[in-house]
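Novice: Input: one structure, supplied below.
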Amino acid sequence: MSRASRTARIRLDENAPLLDVAGLRTGFRRADGDEFIAVDGVTFTLRQGRALAIVGESGSGKSVTVRSLLRLLPRTGRILDGQARFGGTDLVGASDRTLRTIRGREVGMVFQNAMEALNPTIPVGRQLAEALTWHRLCSRSEARERAVATLGDVGIPDPERRARMYPFQLSGGMRQRAMIAMAIIAGPRLVVADEPTTALDVTVQAQVLDLLAEIKDSGTGMIMVTHDLGVARRFCDDVLVMNQGKVVESGTISEVLDAPREPYTQMLLDATLEVGDVARAPDGSATAPPRLVTASAPQVASDDDAPSPTPMAASLVTPAAASDDASAPIVVAEHLDKTFHSRGGDTHAVRDVSLTIERGRTLGLVGESGSGKSTVARLVMGLYEPDSGRVLLDGHDLHDETSNAQRRRMQMVFQNPYGSLLPHYTAGANITESLRLQDIGTPAERTERAAELLRLVGLSPDDARRYPQQFSGGQQQRIAIARALAPEPEVLVCDEPTSALDVSIQAQILDLLSEIQERLGVAYLLISHNLAVVERMSDEVAVMKDGAIVERGDRRAIFATPQHPYTHQLLDAILPVRGVGATSAAFA
Amino acid sequence: SLFGDSGGGGGGGGEGGEADGGSITVQATNFAHIDPQSITFGMWLVQMGLLEGLVLQTPDGTDVRPGVADEWEVSEDGLTYTFHLRDGVTWSNGEPLTAADFEWTYQRLLDPARGDSGVTTGASSYQVPLGILNAEEYNTGVVTDYDEVGIEAVDDQTLEFTLAAPNPGFVMGLTYPSMLPLNPDAVEGEGDWQQPENWVGNGPYNLAAWTANSSMRLEKNPEYWDAENVALDEINVQLIEQGSITTTVPYENGEVDIQGLGEPAEITRFLADPVLSEQMYVLENSGTAYLAPLHSSNPIIEDPNIRRALNLGLGREEIAGISEMTAPASTLTSPIVPGWSEDMAAHDAMWGEDAVAEAQQLLADAGYPDGEGFPTLTILAGSDFPQLDAIIDTWETNLGIQAVKDVVEVGVYVERRYEMHDDGYVGFWYGSFSGISTWPYQVEQLWSPDMIRQAGLDGASYEQFLAVQNDEAMSPGDRTAQIEEILSTGTMPEAQAFAERVAETRETSDEAEQQEIFFDAASLREDTELLLPVAWNHVVYVAQPRVQGLEIRAQADRYYFKDLWVDDSAE
Amino acid sequence: MGYLEFVGRRLLRMVLSLVVISALTFTLLQLAPGSFADIQRANSGSTGMAGAAAQEVAGQFATRYGDDVPAWQQYLVFMKGALTWDLGPSYKYPAQSVESIIAQGFPVSATLAILATLLALAIAIPIGVFAALKQRTAWDTGSMFVLTLGHALPSYLTAVFLVLIFAGALHVLPAAGWSGPQSLILPVVALAIGPLAVLARYVRSSMLDTLSEEYVTAAIAKGGRPGVVIRKHVLRNSLIPLVTVTGPMLAALMTGTVFIETMFRIPGLGLSFTQAASSRDMPLLMGTTLFFAIILMATNLVVDLVYGLLDPRVRAESGRKLRGSRVSRKNAGDAGAGGGEGGRPVVQSLG
Amino acid sequence: MAFISLWVVLLLLLVAIFAPLVAPYPPDATDYGQQLAPIGTPGHLLGTDTLGRDILSRLVFGFRTAFLVAFVAEVISVAVALSVGVVAGYRGGRADGVLMAATDVMYAFPTYLFAVLLVTVFGRSFWSVMAAIAIAGWVTQARLVRAQVMTLKKRDFVEAAQGMGAKGPTIATRYILPNALGPLLVTTSFAVPAAITTEAGLSLLGLGIADMPSWGAMINEGVRFATSSPHMIISPAIAFAVTLLAFTWIGDGVRDAFDITSEARA
Ligand SMILES: Nc1ncnc2c1ncn2[C@@H]1O[C@H](COP(=O)(O)OP(=O)(O)OP(=O)(O)O)[C@@H](O)[C@H]1O
Ligand SMILES: Nc1ncnc2c1ncn2[C@@H]1O[C@H](COP(=O)(O)OP(=O)(O)OP(=O)(O)O)[C@@H](O)[C@H]1O
Ligand SMILES: [Mg+2]
Ligand SMILES: [Mg+2]
């Protein structure tokens, strides 16, 4: 698929490594004048025709590493030390002119977010053609033709027409394909892909990854940055694990992922959830899954330390009138329907959705982006008025009963912890705000309550005085959970509570949620696009597509014997992380 | 074109050093139109060379010289003036200029309706003191037949005026812009007669181009009777906004040949500069700045002794000291009026230690020793002048009286000046005048008997006066009569005495005698101390050395274009 | 359809605004103390017959507005005329119709405004681009310092200094007048300096934003030379939003700049407007106000449409989004330009 | 730059507050022997004006006036902008429509007229000039607040608050408003110099404050004397420029402080 070019290019020795990076150090000048070392002595070798995965948690220096290779650093960043030999050229020391002949021509780069990496005001075809004309590889018209051809090669239907379109006129998957086309159009020998699929839905992700695999199979070397170990295992030969700018461990995929030598790698693997984990767990129970963060696990590279929660003091809240039937579901949603009207057209976001949440149990809701999950959550929370249908909370219609006493019984945890906290309130004030709003307790009692809750979610009562932005993402999510728990709710609606977080932090939060459920008997509506998370946490699962629930039932049943083709599709797209025997075939 | 078709801005249009030809650039205060029958700055420009009356002033402004009329005679009783127009005098379109044109022009001037033609917006510029028989009466609607007005074209070349009373200043009065002739066909014709394309004049220059708010270009009129004695081919007029910031930069940059100099600091700088000081033309004491009383329900300044104290307490020397071109004023009447003398002033010493001491004494006698308990006075003004601060300052220093200035937008100024104010607003409005220095003008016209008597009304009478003045339903004749009644009985006796003395000037045809009466009347006016003279202002012009024949006279037009020529070799 | 509907709605809003503006102006004018006649009288001197005789002057407009009609009828008469671009005679310049006064003054003001804007753009773009490329160097801080300084002084003060230097001291340019190309130089420069600073700062910050865009990195990753990348990817995208700043700026300048026009004796619209306001010349004031409003609003509309043409994203969006985007862009513009434009000056033409 | 400016402004503020202590003379104290004294005259550091008044003292008191005008005008316009902007942005619908219509009108309306009217009716006083400036200012700011509120409204914390049972007014005032203040603060710091400029501009048109020493009036007078007594324009112009610069840079600084993303990217 890669096309030979007519002009002379850097000569590569067939047997020499494609890329040889040694002691790469990259720093950023900070506002206070200090140098922040983002990449600290990274060393690795990429042989021709092989694919290297760089994995690690957020901020570990993955992106900076690959950008340093092509010297694509912002003004404040600079490479302090090291070498990156590409063929006979040291990319770090090369002149700008030499580097330019390599960029795009020898090394293609695929960026994470194609929407941002494509110029919004230039048609896609022209942007592709530039990569050729800038290197004087062919004439302008020929470049155009090849742009169209390459768009076709990466699987974009009707490439002739699409080439004339602007990026925003393409779908997310098509954009990412166009981005890849741009990286490979000049026939590079190395493609560097920085999280090329993170922004995509699982099903689309699978298609794009297949495309990258194809490129790799055609003999192009590849470096793929990812935080998804499944992606690494499926597409790469070698792996580099990074933490805090340093390489923690490297080797072939099987060496590293099947037999990690470093505790950090082990921790990453432990924290990574995988569909089928629960099935494989010794007791197979979902109500009390084993803790992800085991005592034996090393301290994670975050400032989230999670001391064990302490028991709660006496309740401040007068319990709502006990329901007649303690075994009846706490939440019943019937035939919810919601359409959004806008001048651009109507969106039928939720179609006839019914669901029930049992007391103290978890209902998992999965589906891809835009399928209506969040809208359902808001309808259940009573934040949106349904067009039709109703939500019963312990038998009370949420929309008849506007009393705050009912409302407080159901609380919500959001995907983005920072965005959902009031930035100008302290953690303590955030937590007690709902109590204050409903006039529960005295200020002193509320302060006491905040302290307790902070302890419950594994933070220190002293943290009450700090502001949200002074906490890490994981800690912020803990505060958000504490806030949700403050009015002693019986139901917690969690909309993607961990998708903004690193796997290790995700593990902690999921542990926390499980523990809280165990101790306080709160019921969860858990929304996630991550099947593994849903599998781990849920008792029951509902699958959404295009606003409707296409399949629902017991968690085991859904994952073991999916009925709806869409559920199949979702499960097929899963990339196993751990070794042999855990392939997706097991679910087929 | 975008730039209009005005000529180049530079003044360097002269061709060599000979006396004829060339052009100059002068500055003038902007105006909206150039109808001399309506009071705007435009009427002065017209007077400078676009139109010419029966007579012109001599360059120094002390006498008249022939204009359209080459001779005239006065009857024995001083009531009839007969003017003989030059042979063959024509309009710029070549048509003859006749006495009938004058008669027509004056009918338009005195037209009581004034509105229909839509040509004028300002007040009529007719000068009442000219005293033409029935002119004022016709204008105010008392007399309705124009034939009764004392203006008559006897034949094409003879124009006869009949006066109501002898007026030795009559011929000089004809040099006022309102008496300029207008071309009836042009004025009544299609299109705007004030635009260059429609312009028909009889002056040494014709209107060639006019870019509103910016500039005007005048060209020599070949049809002018004295064209061979008109030197300049072209006059460029730069129109300056009144009150806007004008610096001398254009002048010093050679863009302007003649300009007025108003800023004290500029004057100081010019005086100090050996070269520039040579280019200055000064007319001393030709203007007066004064304070006129506001009407208020607080009667404090209705008390003559209080006014006297305020008058004597003004630190005129300090106030005038602000500028080199200002002198302390002892009288309203400008000292350049022939026959003026210091004796006219209300007191022997209008300033200085004795005056202040007397003022303090007066104030103490009135119950306000050192200004204690005296209300804060307001000085109303339409724009801010340093003199205002100086007035306030010296009153405070000399008398211990507090005053504030109330500088208001012009619309407010015009309303507030003649309003009846409440208790808290008592004081004076600030006015200044610079222009004509003749007895009739200064005594009868400028600070007229009516104005003085109006100022001398007490609160109650003034309210009555306002009521009558604003009574729309009343006929003009009734209103005039009732106002006269209020003014003559309601005002202070000294003001009425002044008015009566002024009226006596009509009874004599002897110039010397009349001047004596005027002098006497003016002294009476000072004695009322209703209007307080503050300072006399000099008028200063600067002109490039090449400009020849320039002399500044005491009329707002200052000079005639026809008297100028350029000598480019002059340095 | 969305596009047409959008334009239609905007036009409708313009018409409604014009009605409100005219009514408001008229009311204010009625409330303002002093009438045209009073002020005329005061300006003619306080003397002679002026005191009494000018009482009748107001009656002159009887022919157009009827005899002693109530104010609201005058308003209706005026508006009826305005619909057919027949604004009637000005009070102050009775021989001239308001529309002819506007027709004379506007080309002058527009010439000044266009030249000043072009000058500002011609200087601001290179400086802004340069400063952004040399961010945090002495070049950047230096040029921004000078620009901010230029902007900190209001145009009338700049004008004074320019006149003092180039006419007063150097004698190379005329200090005032409207008589040829050389008389345009100083006023245009004085007018351009403020906008120049705003535009340059805007270009700089817009450039910096674009430079940090991922697609620029992507273009470099494709092997583009800096010059090419800047020309093809950075410049275009950073200059598109400039339209939103330049348009209103041009409109504000076009409606006349009182001080500059007075100081340089330029027969523009700003002067007519100020004079009309201070002399209570109702027809002229109403006429110029409406004309200004139309110019300003039309420019806004044009800016939005042009923006749509330049930016394919906006072009593709429907009217609703276009309208929304205007708001956000405007704010982005404010923040980006930032040159003391936080509060609109009371006198639009302060410059 | 912002930091230095902050000190400059603080210094100027102190000067304004303690004007009577700082200024060597009362602003209106005349000295008829010493008119138009140049810079450096003993006793009159920056010289004197036509009445022999000390220019330094007048500058000091003039700043006091300018700052008061700007400050009070800003307080008023910010208060109005906040209430209108929050209501329009949060409630949307009719309130929003009215605001947008008002914005359209204000945008195209010659605010000069307002200024003339206010100044004519209420005199050339502090309050009318201040009101004129405030009236001109609030619309832009209200629009800004509105836009800000509209973005904040979509933030998760608003939904979180709704979930906790907070009602509209609480959300608008307790949660959204404080967060909308940041950008407003930026415009406010730019609006202070704008207000000072406007006051000066009104003075030039003869509509400025007449009964207090004002920079506008000083500049106005200075321009008249520009050729003959340049000191009368130089000191006010420099003071003017320094103040405006300082405020502009503070505005820049405030904006940078709120604009974390651009800083991070830069
Ligand atoms: N422009 C920059 N200026 C300052 N610091 C930066 C910059 N870019 C990255 N860093 C820092 O460098 C470190 C490594 O960042 P990098 O983007 O490589 O992380 P990453 O491993 O790619 O994380 P993620 O998975 O979140 O993309 C982080 O601590 C980050 O804060
Ligand atoms: N307030 C709204 N106005 C208009 N359309 C909306 C609104 N909220 C959601 N939608 C539309 O409704 C559909 C469902 O959105 P929703 O947010 O519920 O999806 P989701 O499953 O949560 O997706 P994601 O995984 O991306 O969060 C989408 O097409 C979305 O664009
Ligand atoms: Mg990254
Ligand atoms: Mg969602």
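Every chain in the structure tokens takes a letter, A first, then B, and so on in the order presented; its residues are numbered from 1, and the ligands are numbered from 1 following the presented order.
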Output the neighbourhood of ligand 3 as a list in words, that is, all protein and nucleic acid residues with some atom at most 10 Å from the ligand, counting only C-alpha atoms and all ligand atoms.
Specialist: Val55, Gly56, Glu57, Ser58, Gly59, Ser60, Gly61, Lys62, Ser63, Val64, Thr65, Val66, Arg67, Phe111, Gln112, Asp194, Glu195, Val225, Thr226 and His227 of chain A
Novice: For the residues in the current selection, export C-alpha atoms as a compact mmCIF listing (two decimals), in the first residue's frame.
Specialist:
# COMPACT_ATOMS: atom_id res chain seq x y z
CA VAL A 55 2.13 2.68 27.38
CA GLY A 56 1.80 4.39 30.71
CA GLU A 57 -0.50 6.58 32.65
CA SER A 58 -1.50 10.07 31.79
CA GLY A 59 1.37 12.50 32.07
CA SER A 60 3.99 9.77 31.99
CA GLY A 61 5.67 11.39 29.02
CA LYS A 62 4.47 9.25 26.15
CA SER A 63 3.42 12.08 23.88
CA VAL A 64 6.43 14.19 24.67
CA THR A 65 8.67 11.25 23.81
CA VAL A 66 7.24 10.75 20.35
CA ARG A 67 7.01 14.45 19.66
CA PHE A 111 -2.37 12.57 15.96
CA GLN A 112 -4.84 11.67 18.63
CA ASP A 194 -0.19 9.10 19.35
CA GLU A 195 -3.33 7.57 20.83
CA VAL A 225 1.29 5.55 21.98
CA THR A 226 -1.63 4.19 23.94
CA HIS A 227 -2.93 3.88 27.42
Novice: Which residues are close to Leu422 in chain A, i.e. within 8 Å by only C-alpha atoms, leaving aside same-chain residues fewer than 4 positions away? Reply as an MDAnalysis selection string.
Specialist: (chainID A and resid 430 468) or (chainID D and resid 157 175)
Novice: Between A:Ala532, A:Cys236, A:Leu526, A:Ala206, which has the minimum distance to ligand 4 (counting only C-alpha atoms and all ligand atoms)?
Specialist: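 Result for the nearest residue to ligand 4: A:Leu526.
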Novice: Neighbouring residues of ligand 4 are defined here as those with any atom at most 9 Å from a ligand atom, counting only C-alpha atoms and all ligand atoms; list them as a list in words.
Specialist: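 Every residue with an atom at most 9 Å from ligand 4 is listed here: Glu368, Ser369, Gly370, Ser371, Gly372, Lys373, Ser374, Thr375, Ala377, Gln415, Asp495, Glu496, Ile527, Ser528 and His529 of chain A.
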Novice: Which residues, written as a ChimeraX atom specification, have at least one atom at most 9 Å from range 448-455 of chain B, with only C-alpha atoms counted and residues fewer than 2 positions away on the same chain left out?
Specialist: /B:292-295,441-446,457-458,462,465,484,487-488,490-492,494-496,498-500,502,525,528,530-531 /C:47-48
Novice: Could you write those residues out with C-alpha atoms, as a PDB file, in the first residue's frame?
Specialist:
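Done, and the output landed in result-v2.pdb:
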ATOM      1  CA  ALA B 292     -25.053  90.341  34.033  1.00  0.00           C
ATOM      2  CA  PRO B 293     -27.402  89.516  36.883  1.00  0.00           C
ATOM      3  CA  LEU B 294     -29.495  86.380  36.900  1.00  0.00           C
ATOM      4  CA  HIS B 295     -33.037  86.598  38.185  1.00  0.00           C
ATOM      5  CA  TYR B 441     -24.088 100.533  18.981  1.00  0.00           C
ATOM      6  CA  GLN B 442     -22.527 100.487  22.428  1.00  0.00           C
ATOM      7  CA  VAL B 443     -25.250 102.376  24.198  1.00  0.00           C
ATOM      8  CA  GLU B 444     -28.432 101.698  22.332  1.00  0.00           C
ATOM      9  CA  GLN B 445     -27.869  98.386  20.700  1.00  0.00           C
ATOM     10  CA  LEU B 446     -25.466  96.275  22.701  1.00  0.00           C
ATOM     11  CA  LEU B 457     -36.535  94.236  37.417  1.00  0.00           C
ATOM     12  CA  ASP B 458     -37.209  92.753  40.802  1.00  0.00           C
ATOM     13  CA  TYR B 462     -39.573  89.831  36.164  1.00  0.00           C
ATOM     14  CA  PHE B 465     -42.376  90.258  32.274  1.00  0.00           C
ATOM     15  CA  GLU B 484     -42.763  98.691  27.987  1.00  0.00           C
ATOM     16  CA  LEU B 487     -40.033  97.719  32.182  1.00  0.00           C
ATOM     17  CA  SER B 488     -40.678 101.367  32.838  1.00  0.00           C
ATOM     18  CA  GLY B 490     -40.936  97.692  37.520  1.00  0.00           C
ATOM     19  CA  THR B 491     -37.309  98.420  37.038  1.00  0.00           C
ATOM     20  CA  MET B 492     -35.017 100.387  39.288  1.00  0.00           C
ATOM     21  CA  GLU B 494     -31.655 104.478  37.596  1.00  0.00           C
ATOM     22  CA  ALA B 495     -32.272 102.005  34.797  1.00  0.00           C
ATOM     23  CA  GLN B 496     -35.350 103.875  33.705  1.00  0.00           C
ATOM     24  CA  PHE B 498     -30.783 105.559  31.530  1.00  0.00           C
ATOM     25  CA  ALA B 499     -33.459 104.464  29.075  1.00  0.00           C
ATOM     26  CA  GLU B 500     -34.983 107.898  29.023  1.00  0.00           C
ATOM     27  CA  VAL B 502     -30.943 107.286  25.558  1.00  0.00           C
ATOM     28  CA  ARG B 525     -25.810 102.779  32.917  1.00  0.00           C
ATOM     29  CA  THR B 528     -26.921 101.229  37.946  1.00  0.00           C
ATOM     30  CA  LEU B 530     -26.504  96.066  36.997  1.00  0.00           C
ATOM     31  CA  LEU B 531     -23.965  94.877  34.485  1.00  0.00           C
TER      32      LEU B 531
ATOM     33  CA  THR C  47     -28.033  91.778  21.433  1.00  0.00           C
ATOM     34  CA  GLY C  48     -30.287  93.921  19.407  1.00  0.00           C
TER      35      GLY C  48
END
Novice: Which residue gives the smallest distance to chain C among B:Glu513, B:Glu358, B:Glu551, B:Asp111, with only C-alpha atoms counted?
Specialist: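 Among the listed residues, the smallest separation from chain C belongs to B:Asp111.
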Novice: Which polymer residues have any atom within 10 Å of an atom of Thr58 in chain B, counting only C-alpha atoms, with same-chain residues fewer than 4 positions away left out, as a VMD selection string?
Specialist: chain B and resid 62 to 66 551 553 559 to 560 563
Novice: Take the residues from that selection and put them in a file with N, CA and C atoms, as a short mmCIF file (atom, residue, chain, number, x, y, z; two decimals), in the first residue's frame.
Specialist:
data_model
loop_
_atom_site.label_atom_id
_atom_site.label_comp_id
_atom_site.auth_asym_id
_atom_site.auth_seq_id
_atom_site.Cartn_x
_atom_site.Cartn_y
_atom_site.Cartn_z
N THR B 62 -12.65 104.59 11.39
CA THR B 62 -13.13 105.80 12.06
C THR B 62 -14.08 106.62 11.19
N ASP B 63 -14.12 106.34 9.90
CA ASP B 63 -14.96 107.15 9.03
C ASP B 63 -15.46 106.29 7.88
N VAL B 64 -16.26 106.90 7.02
CA VAL B 64 -16.78 106.14 5.88
C VAL B 64 -16.11 106.63 4.60
N ARG B 65 -16.15 105.77 3.59
CA ARG B 65 -15.71 106.16 2.24
C ARG B 65 -16.76 105.64 1.27
N PRO B 66 -16.78 106.15 0.08
CA PRO B 66 -17.82 105.74 -0.86
C PRO B 66 -17.73 104.26 -1.21
N GLU B 551 -5.15 96.54 8.06
CA GLU B 551 -5.35 97.37 9.23
C GLU B 551 -6.56 96.77 9.94
N ARG B 553 -9.84 97.08 12.29
CA ARG B 553 -10.75 98.10 12.80
C ARG B 553 -11.80 97.48 13.72
N TYR B 559 -11.41 93.85 8.53
CA TYR B 559 -10.77 94.49 7.38
C TYR B 559 -11.52 94.08 6.12
N TYR B 560 -11.27 94.82 5.01
CA TYR B 560 -11.85 94.45 3.73
C TYR B 560 -10.80 93.76 2.88
N ASP B 563 -8.67 95.87 0.32
CA ASP B 563 -7.55 96.72 0.70
C ASP B 563 -6.22 95.97 0.74
#
Novice: Pick out the residues sitting within 7 Å of Ile260 in chain C, and hand them over as a PyMOL selection string; count only C-alpha atoms, and ignore anything fewer than 3 positions along from it in its own chain.
Specialist: chain C and resi 156+187+257+263-264
Novice: List the neighbours of Ser183 in chain C out to 10 Å using only C-alpha atoms; skip same-chain residues closer than 2 positions along the sequence, and give me the result as a count of residues only.
Specialist: 18
Novice: As a PyMOL selection string, which residues of range 111-263 of chain B does DSSP assign to strand (DSSP E or B)?
Specialist: chain B and resi 124+132+151-155+158-163+205-211+215-220+234-240+258-261
Novice: Would you work out the distance separating CA of Ile135 in chain D from CA of Leu185 in chain D, expressed in Å to one decimal?
Specialist: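 Taking CA of Ile135 in chain D and CA of Leu185 in chain D, their separation equals 17.9 Å.
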Novice: Taking only C-alpha atoms into account, report as a PyMOL selection string which residues of chain D lie within 9 Å of chain A.
Specialist: chain D and resi 155-166+170+175+178-179+263+265-266
Novice: Contacts of Ala165 in chain B at 10 Å or less, counting only C-alpha atoms, minus same-chain residues fewer than 4 places along, as a PyMOL selection string?
Specialist: chain B and resi 77-80+130-133+504-509
Novice: Write out as a PyMOL selection string every residue belonging to chain A that has an atom at most 8 Å from any atom of chain C, counting only C-alpha atoms.
Specialist: chain A and resi 70+72+74+99-105+108-109+111+116-121+130-131+134-135+166+168+182-183+343-344
Novice: Mind pulling up the distance from CA of Leu235 in chain C to CA of Gly128 in chain C?
Specialist: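 Taking CA of Gly128 in chain C as the start and CA of Leu235 in chain C as the end point, the length is 10.7 Å.
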Novice: Taking only C-alpha atoms into account, which residues of chain D are within 6 Å of chain C, as a list in words?
Specialist: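 Here is what falls inside 6 Å: Val105, Ala108, Thr111, Tyr112, Leu117, Ile133, Ala136, Gly137, Thr187, Phe190, Ala191, Thr198, Ala241, Leu244 and Leu245 of chain D.
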Novice: Hey, can you spit out that residue selection with N, CA, C and O atoms as a compact mmCIF listing (two decimals), in the first residue's frame?
Specialist:
# COMPACT_ATOMS: atom_id res chain seq x y z
N VAL D 105 -29.74 48.10 19.64
CA VAL D 105 -30.05 49.53 19.64
C VAL D 105 -28.88 50.32 20.19
O VAL D 105 -28.40 51.27 19.59
N ALA D 108 -25.92 50.75 17.91
CA ALA D 108 -26.00 51.68 16.80
C ALA D 108 -26.43 53.07 17.25
O ALA D 108 -26.53 53.98 16.44
N THR D 111 -24.39 57.36 21.50
CA THR D 111 -24.40 57.59 22.94
C THR D 111 -24.01 59.02 23.26
O THR D 111 -24.26 59.50 24.35
N TYR D 112 -23.41 59.66 22.28
CA TYR D 112 -23.10 61.07 22.45
C TYR D 112 -24.34 61.85 22.84
O TYR D 112 -24.30 62.74 23.68
N LEU D 117 -27.50 64.93 26.57
CA LEU D 117 -28.73 65.12 27.33
C LEU D 117 -28.45 65.14 28.83
O LEU D 117 -28.88 66.05 29.54
N ILE D 133 -21.04 57.71 31.01
CA ILE D 133 -20.07 56.65 30.78
C ILE D 133 -20.67 55.29 31.13
O ILE D 133 -20.52 54.31 30.40
N ALA D 136 -23.05 54.02 28.51
CA ALA D 136 -22.39 53.51 27.32
C ALA D 136 -21.75 52.15 27.59
O ALA D 136 -21.62 51.34 26.69
N GLY D 137 -21.38 51.93 28.83
CA GLY D 137 -20.57 50.75 29.11
C GLY D 137 -21.33 49.46 29.37
O GLY D 137 -20.84 48.38 29.07
N THR D 187 -12.61 42.91 31.48
CA THR D 187 -13.14 44.07 30.74
C THR D 187 -13.16 45.29 31.64
O THR D 187 -12.97 46.40 31.18
N PHE D 190 -9.99 47.03 31.63
CA PHE D 190 -9.81 47.79 30.40
C PHE D 190 -10.77 48.98 30.34
O PHE D 190 -10.52 49.97 29.67
N ALA D 191 -11.88 48.84 31.05
CA ALA D 191 -12.88 49.90 30.97
C ALA D 191 -12.47 51.12 31.77
O ALA D 191 -12.90 52.23 31.46
N THR D 198 -12.89 58.67 27.89
CA THR D 198 -14.18 59.22 27.53
C THR D 198 -14.43 60.53 28.25
O THR D 198 -14.90 61.50 27.65
N ALA D 241 -1.09 58.91 29.75
CA ALA D 241 -0.57 57.71 29.09
C ALA D 241 -0.14 56.68 30.12
O ALA D 241 -0.45 55.50 30.00
N LEU D 244 -3.23 55.07 31.69
CA LEU D 244 -3.92 54.19 30.78
C LEU D 244 -3.11 52.93 30.54
O LEU D 244 -3.64 51.82 30.52
N LEU D 245 -1.81 53.10 30.37
CA LEU D 245 -0.95 51.94 30.16
C LEU D 245 -1.03 51.00 31.34
O LEU D 245 -1.17 49.79 31.18
Novice: What separation in Å, quoted to one decimal, exists between CA of Tyr425 in chain B and CA of Ser297 in chain B?
Specialist: 8.4 Å
Novice: Distance limit 9 Å, atoms considered: only C-alpha atoms. Which chain D residues sit that close to chain B? Return them as an NGL selection string.
Specialist: :D and (28-30 or 32-33 or 35-36 or 50-52 or 116 or 119-121 or 123-124 or 204-207 or 210-211 or 220-221 or 223-229)
Novice: Point out the residue among A:Leu137, A:Ala199, A:Ile184, A:Met115 with the least atom-to-atom distance to ligand 1, counting only C-alpha atoms and all ligand atoms.
Specialist: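 Ranked by minimum distance to ligand 1, first place goes to A:Ala199.
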